[in-house]
Structure formats: C-alpha cells, structure tokens
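> The structure's right below; bear with me while I get my questions together.
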Amino acid sequence: MKPIGFFGGTFDPIHLGHLRMAIEVMETFALESLTLLPNKVPPHRPQPIASAEQRLTMTQLAVKDIAGLTVDDLELKRDGDSYTVDTLEHLARKFPGRPLLFMMGMDSLLSFTAWHGWQRILQLASLAVCCRPGHRLEPDALDAQLSTRLSTGPIIGPGQIVPLTTTELAISATDIRTRVKNGQRLDFLLPRAVVEYIQTSGLYRADSASC
Ligand code: ATP
C-alpha cells in the first residue's frame, strides 16, 4: 500500500527549501498528496516569531497553487508542546493500515534522538530525509538504533529511515528573518504570495530575538 506523506515544521516562514523537498519526496515515493503540518509550540528549538495563525496562513498561501500539497492545522488545535509523536499517534488512528511517511531535513535526523518519543515515532512511521547544506550523513556517527534502520526504500512499514539525494538549497527561515530585519530583498527564497504577506503584515521587521 502506498504511504501517505507528512511534513512537520515551524515554517517561520515557509520557504522554497521546504517546498522543493516536499515536491521531491512526493515524486520519489509517487505520493498522491503530502500534508504540511505547521506546529503550534515547537519543543526542540527557540519559539517562533510569527504566531501560529500567521505561520498557518503563510503555509496555506505557499501551497495554494501546488498540486498535491495540502496543509492540516491539527497541531494548532492541540494545547501544549507540538510533539510529532502525538501527531503520528493521531494519524495512525486516522489512517489504520496505511504506512506513514514523515519527512525532514538532514539536520533534523542528526538531532532526532533528542526528540520526545523518538523510538515510538519509528514504530509509527518511516522517515524520508532530505539533503540540507552543511549537514552530512555519516552513518558511523549516527546512533546505532538509527543507522541499522537506514534503507533505500520502498516503504513497506514503519521504522525505515530513507536518506534521499535531493536538491540542496541553502535557504533557512532564520536567514529570511534576518534579511527582513536588514531591509533586504526576499525574491526567489520564498513564494511571491508569502513575500507579500510578510511585507503587508510587517512580520519580522521589528528587532527581536529571531536570529
Ligand atoms: P529556522 O531557520 O527557523 O530554524 P528552518 O528553515 O530550519 O527554520 P523549519 O520549519 O524549522 O525551517 O524546518 C522544518 C523541516 O524542514 C526540518 O526538518 C528541517 O530540517 C527542514 N528544512 C528546512 N529548510 C531546509 C532546507 N533548506 N533543506 C533541507 N531541509 C530543510
């Protein structure tokens, strides 16, 4: 059975790095659709600058005209930390018997054993891991509980970790927030509609602890 794909993130803001990797994961696994899940309270990183609602709006604007990409606000409806493990428990109940594929960048895999419930995550889903400039996979340096799960696919159940050779785009939300603060242009880093939303709302302009 074909897996269903999910992409969790803070998306503060969503950018072309996120969108390109989503397209390549969809193509690699022949997914009919892939769902982006903006988090409410990211537990493993500094808190976002944009509100959950603003990040949801930007994510919706970004995928509006992209076939196959959808957004689900399920993490925004939950109080407290947005733990991926809770989200996957919910999705496993919602889609019984369907393999779940959760995608992430290489930086996320390298810190994955610090995630709350990471062992349970691997009982619920497989991971599609995309290249990210500055973060290399060194299987010998990876926790043995992860390296033994490295796989080239296809996805046949939970617990596989599939590193992909995806287009490397050195774009980060942190860099985008810095550019806004410095009054620099955002062209070709994120979708036009999201650039316009940031400009109209005045997001990231004020001095803040974002970078
Ligand atoms: P920030 O700079 O604020 O930390 P970010 O650009 O890393 O943000 P997130 O929303 O935190 O974006 O990332 C969500 C997921 O997307 C993570 O798994 C991260 O590894 C991945 N990701 C983000 N940008 C890229 C990129 N340019 N290439 C590959 N993976 C990426």
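Identifiers in the structure tokens: chain A, B, ... in order shown; residue index from 1 per chain; ligand index from 1 in order shown.
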For ligand 1, return the neighbouring residues as JSON, numbers by chain (distance at most 8 Å; only C-alpha atoms and all ligand atoms).
{"A": [7, 8, 9, 10, 11, 12, 13, 14, 15, 16, 17, 18, 21, 38, 45, 48, 103, 104, 105, 106, 107, 108, 109, 130, 131, 132, 133, 168, 169, 170, 171, 172, 173, 174, 175, 176, 210]}
> Determine which residues of range 95-143 of chain A receive a DSSP assignment of alpha helix (DSSP H), computed from the backbone, and state them as a list of chain:residue names.
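The alpha helix (DSSP H) residues within range 95-143 of chain A come out as A:Met106, A:Asp107, A:Ser108, A:Leu109, A:Leu110, A:Trp118, A:Gln119, A:Arg120, A:Ile121, A:Leu122, A:Gln123, A:Leu124.
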> For the structure I just gave you, how does DSSP split range 17-192 of chain A - specifically, which residues are strand (DSSP E)? Reply as a ChimeraX atom specification.
/A:34-38,69-71,100-105,125-130,161-163
> Given the selection you just returned, output its residues as a file containing N, CA, C and O atoms, formatted as a CSV table (one decimal), in the first residue's frame.

```
chain,number,residue,atom,x,y,z
A,34,LEU,N,0.8,15.2,-0.1
A,34,LEU,CA,1.7,15.4,1.0
A,34,LEU,C,1.1,16.5,1.9
A,34,LEU,O,0.8,17.6,1.4
A,35,THR,N,1.0,16.3,3.2
A,35,THR,CA,0.4,17.3,4.0
A,35,THR,C,1.4,18.0,4.9
A,35,THR,O,2.2,17.3,5.6
A,36,LEU,N,1.4,19.3,4.9
A,36,LEU,CA,2.3,20.1,5.7
A,36,LEU,C,1.5,20.3,7.1
A,36,LEU,O,0.3,20.7,7.1
A,37,LEU,N,2.3,20.2,8.1
A,37,LEU,CA,1.7,20.3,9.5
A,37,LEU,C,2.5,21.4,10.3
A,37,LEU,O,3.5,21.1,10.9
A,38,PRO,N,2.0,22.7,10.2
A,38,PRO,CA,2.7,23.7,11.0
A,38,PRO,C,2.5,23.4,12.5
A,38,PRO,O,1.4,23.0,12.9
A,69,LEU,N,0.1,19.3,-2.7
A,69,LEU,CA,0.5,19.7,-1.4
A,69,LEU,C,-0.7,20.3,-0.6
A,69,LEU,O,-1.5,21.2,-1.2
A,70,THR,N,-1.0,19.9,0.6
A,70,THR,CA,-2.1,20.4,1.4
A,70,THR,C,-1.5,20.7,2.8
A,70,THR,O,-0.4,20.4,3.2
A,71,VAL,N,-2.3,21.5,3.6
A,71,VAL,CA,-2.0,21.9,4.9
A,71,VAL,C,-3.0,21.4,5.9
A,71,VAL,O,-4.2,21.5,5.6
A,100,LEU,N,2.8,5.4,7.2
A,100,LEU,CA,3.0,6.8,7.3
A,100,LEU,C,4.5,7.2,7.0
A,100,LEU,O,5.4,6.6,7.5
A,101,LEU,N,4.6,8.2,6.2
A,101,LEU,CA,6.0,8.7,5.8
A,101,LEU,C,6.1,10.1,6.3
A,101,LEU,O,5.4,11.0,5.9
A,102,PHE,N,7.1,10.3,7.3
A,102,PHE,CA,7.3,11.7,7.8
A,102,PHE,C,8.6,12.2,7.3
A,102,PHE,O,9.6,11.5,7.4
A,103,MET,N,8.6,13.4,6.7
A,103,MET,CA,9.8,13.9,6.0
A,103,MET,C,10.5,14.9,6.9
A,103,MET,O,9.8,15.6,7.7
A,104,MET,N,11.8,15.1,6.7
A,104,MET,CA,12.6,16.0,7.5
A,104,MET,C,13.9,16.3,6.7
A,104,MET,O,14.2,15.6,5.8
A,105,GLY,N,14.6,17.4,7.2
A,105,GLY,CA,15.9,17.7,6.6
A,105,GLY,C,16.9,16.9,7.4
A,105,GLY,O,16.7,16.4,8.5
A,125,ALA,N,6.0,5.4,12.1
A,125,ALA,CA,6.2,6.0,10.7
A,125,ALA,C,7.6,5.7,10.2
A,125,ALA,O,8.5,5.3,11.0
A,126,SER,N,7.8,5.8,8.9
A,126,SER,CA,9.2,5.8,8.4
A,126,SER,C,9.6,7.3,8.1
A,126,SER,O,8.7,8.2,8.0
A,127,LEU,N,10.9,7.5,8.0
A,127,LEU,CA,11.4,8.9,7.8
A,127,LEU,C,12.0,9.0,6.4
A,127,LEU,O,12.8,8.2,6.0
A,128,ALA,N,11.6,10.0,5.7
A,128,ALA,CA,12.3,10.4,4.4
A,128,ALA,C,13.1,11.6,4.8
A,128,ALA,O,12.6,12.6,5.2
A,129,VAL,N,14.4,11.5,4.5
A,129,VAL,CA,15.4,12.5,5.0
A,129,VAL,C,16.0,13.2,3.8
A,129,VAL,O,16.6,12.5,3.0
A,130,CYS,N,15.8,14.5,3.7
A,130,CYS,CA,16.3,15.3,2.6
A,130,CYS,C,17.7,15.9,2.9
A,130,CYS,O,18.0,16.2,4.0
A,161,ILE,N,14.4,4.4,7.7
A,161,ILE,CA,15.0,5.8,7.5
A,161,ILE,C,15.6,5.8,6.2
A,161,ILE,O,16.6,5.1,5.9
A,162,VAL,N,15.0,6.6,5.3
A,162,VAL,CA,15.4,6.7,3.9
A,162,VAL,C,16.0,8.0,3.6
A,162,VAL,O,15.3,9.0,3.4
A,163,PRO,N,17.4,8.1,3.5
A,163,PRO,CA,18.0,9.3,3.1
A,163,PRO,C,17.9,9.4,1.6
A,163,PRO,O,18.1,8.5,0.8
```
> From the set A:Asn39, A:Gln119, A:Gln160, A:Gln199, which residue has the shortest atom-to-atom contact distance to Thr87 in chain A, counting only C-alpha atoms?
A:Asn39
> Could you check how far CA of Tyr83 in chain A sits from CA of Gly159 in chain A, in Å to one decimal?
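For CA of Tyr83 in chain A relative to CA of Gly159 in chain A, the distance reads 17.7 Å.
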